[in-house]
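Participant: Dumping the structure here so I can ask a few things about it.
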Amino acid sequence: ETRRRVNASRSALGTAALYSVRLLLNILVLGLIGGAFYCIHRSTVFSQSFQYQDNFFLNLLVEYLPSIVITAANFVVPTLCDIIARLEGHGPTTQIILSLLRSVFLRLASLGVLLASLWSQITCKGGTDTSNCRACGYNYKQYPCWETTVGQEMYKLVIFDFLIVVAVLLLVEFPRWMVVDYCPCSLARWLGRQEFSVPQCVLGLVYGQMVVWTGAFYCPLLPLINTVKFIIFFYCRRVSLSLCRPAQRTFRSTSSSFFFLLVLLLGLCVSCVPLGCSLGLLQPSQSCGPFRSLRRIWDALPDSFSSLHPTLRSFLLFLGTQAFAVPLFLLSSVALCSTVAVALAYSRSVSLLRTQLKLEGRDKLFLVKQIAELSSANQKSAAPRGPSGIALDNWDSSGPLE
């Protein structure tokens with residue numbers, strides 16, 4: 001309400017200045033995200049084309065360079081975007097929504113940039129007629145097993161995401177808690193404990209799940225590794241709760257549940273795109289893997305289907321006919337309509353209950369006001385009176401009344 005009054009009282013010049021500042025800040029945000037994408041692309045190209053040397057640590061650093069850059073970008077850029085969102089003059093809820101949207105876009109697009117860079121290197125930048133790609137349809141000299149390379153990159157992302165969470169707990173949150181709680185200086189009191197942001201933590205879990213969906217086909221043990229990582233994350237977050245302070249800006253649970261489910265669905269769709277391209281467009285590796293004798297990975301599906309038992313094959317064919325699809329569609333429509341009707345009924349009940357609570361609150365205020373008026377009237381009527389029926393409050397003690 002206060003923000004609405006401030007916005008209503010703002011002059012035209014102040015409004016123009018506010019929108020100009022927001023435009024400049026959004027350009028800055030786009031520059032940060034674009035710079036992160038460029039760094040991811042360049043680090044991926046450099047890492048894939050690097051000639052290994054005798055220095056073990058240099059080779060290890062260059063090999064993990066794309067994962068390091070992506071993890072650093074996902075850690076630094078959302079923090080800067082959160083600071084920028086506070087400078088834009090929005091309300092607390094709008095600030096959280098803007099920060100989350102920018103973080104979601106960064107995390108989804110950063111993974112897409114990594115996969116696009118790998119695709120460009122594996123397919124010789126789309127030129128399959130070049131000398132390196134003409135024989136096998138992919139860069140077989142640099143990537144004799146390109147599926148292994150993609151799985152390794154997804155594995156590195158999972159590992160570095162885990163290392164960043166543990167490093168923040170041990171190197172940022174715990175030392176800050178020690179300084180704030182046991183250091184009497186004013187700077188420590190002004191700094192305060194680290195803020196525990198629930199939306200960012202949930203967004204990190206969604207990002208980890210999206211990485212697993214993308215790389216599970218190329219690295220089958222990735223879901224198991226991610227499960228162990230999430231279990232460790234749970235206990236790390238329990239420790240963080242005792243070391244951090246609650247967030248000053250909260251996000252409503254109803255809105256956040258729908259938002260994160262939508263982000264999870266979007267992440268699933270994004271992770272299916274590179275998998276579909278790998279299955280249907282790119283030729284599998286000829287030197288390794290179970291599909292090396294096939295022209296496309298997708299060709300394994302009809303071959304496997306033709307080798308099934310005739311009864312099972314007939315049943316699967318029946319699932320694709322109209323005799324099964326039409327009743328399934330009707331039942332799904334009935335179930336969906338009933339669910340929507342129940343949801344609408346619940347929403348009406350909630351609206352009625354909220355209206356009833358408001359009316360009861362007004363009734364309570366009215367009754368309190370009536371009780372206060374009656375009590376004040378009773379106090380006046382119960383005041384002691386003099387010999388002529390005049391209240392003693394009006395009796396002049398200095399002399400008799402005239």
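Residue names in the structure tokens use chain letters A, B, ... in the order shown, residue numbers from 1 in each chain, and ligand numbers from 1 in the order shown.
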Once DSSP has gone over the backbone, tell me which residues of region 6-93 of chain A are in alpha helix (DSSP H), as a PyMOL selection string.
Facilitator: chain A and resi 6-9+12-48+56-63+65-87+92-93
Participant: Compile the contact shell of Val206 (chain A) as number ranges by chain: residues with an atom at most 7 Å away, counting only C-alpha atoms, same-chain residues fewer than 4 positions apart removed.
Facilitator: A: 202, 210, 264
Participant: Determine the nearest neighbour of Arg237 (chain A) from the options A:Ser110, A:Thr149, A:Ser271, A:Ser197, counting only C-alpha atoms.
Facilitator: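 Checking each of A:Ser110, A:Thr149, A:Ser271, A:Ser197 against Arg237 (chain A), counting only C-alpha atoms, the winner is A:Ser197.
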Participant: Taking a cut-off of 12 Å and counting only C-alpha atoms, can you build a table that, for each residue of region 192-251 of chain A near region 287-301 of chain A, reports the nearest atom pair and how far apart they are in Å (one decimal), sorted by chain then residue number, as CSV?
Facilitator:
residue,atom,partner,partner_atom,distance
A:Phe217,CA,A:Ile297,CA,11.4
A:Tyr218,CA,A:Gly289,CA,10.0
A:Cys219,CA,A:Gly289,CA,11.8
Participant: Using only C-alpha atoms, tabulate the residues of region 211-322 of chain A lying at most 9 Å from any atom of region 167-176 of chain A, each with its closest atom pair and that distance in Å to one decimal, by chain and increasing residue number, as JSON lines.
Facilitator:
{"residue": "A:Cys236", "atom": "CA", "partner": "A:Leu169", "partner_atom": "CA", "distance": 7.3}
{"residue": "A:Arg237", "atom": "CA", "partner": "A:Leu169", "partner_atom": "CA", "distance": 8.6}
{"residue": "A:Val239", "atom": "CA", "partner": "A:Leu169", "partner_atom": "CA", "distance": 8.3}
{"residue": "A:Ser240", "atom": "CA", "partner": "A:Leu169", "partner_atom": "CA", "distance": 6.8}
{"residue": "A:Leu243", "atom": "CA", "partner": "A:Phe174", "partner_atom": "CA", "distance": 6.5}
{"residue": "A:Cys244", "atom": "CA", "partner": "A:Glu173", "partner_atom": "CA", "distance": 7.1}
Participant: Which residue, A:Val273, A:Leu101, A:Leu87, A:Leu344, has the smallest gap to Val21 (chain A) when you use only C-alpha atoms?
Facilitator: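 The answer is A:Leu87, which sits nearest to Val21 (chain A).
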Participant: Which of these residues is nearest to Gly89 (chain A), using only C-alpha atoms: A:Ser117, A:Ser333, A:Ser20, A:Asn226?
Facilitator: A:Ser20
Participant: With only C-alpha atoms as the counted atoms, please give the residues lying no more than 9 Å from region 62-67 of chain A, apart from itself and same-chain residues fewer than 5 positions off, as a list in words.
Facilitator: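 Contacts, with the query itself left out: Cys39, Ile40, His41, Arg42, Ser43, Thr44, Val45, Phe46, Ser47, Gln48, Phe50, Tyr52, Phe57, Ala72, Leu114, Glu153, Met154, Lys156, Leu157, Val158, Ile159, Phe160 and Asp161 of chain A.
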Participant: Name the residues in contact with region 73-85 of chain A at a cut-off of 7 Å, using only C-alpha atoms, excluding same-chain residues fewer than 6 positions from it; report them as a ChimeraX atom specification.
Facilitator: /A:25,29,32,36,95,98-99,103,107
Participant: Enter the distance from CA of Ile68 (chain A) to CA of Lys141 (chain A), in Å, rounded to one decimal.
Facilitator: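 Atom-to-atom, CA of Ile68 (chain A) and CA of Lys141 (chain A) are spaced 25.8 Å apart.
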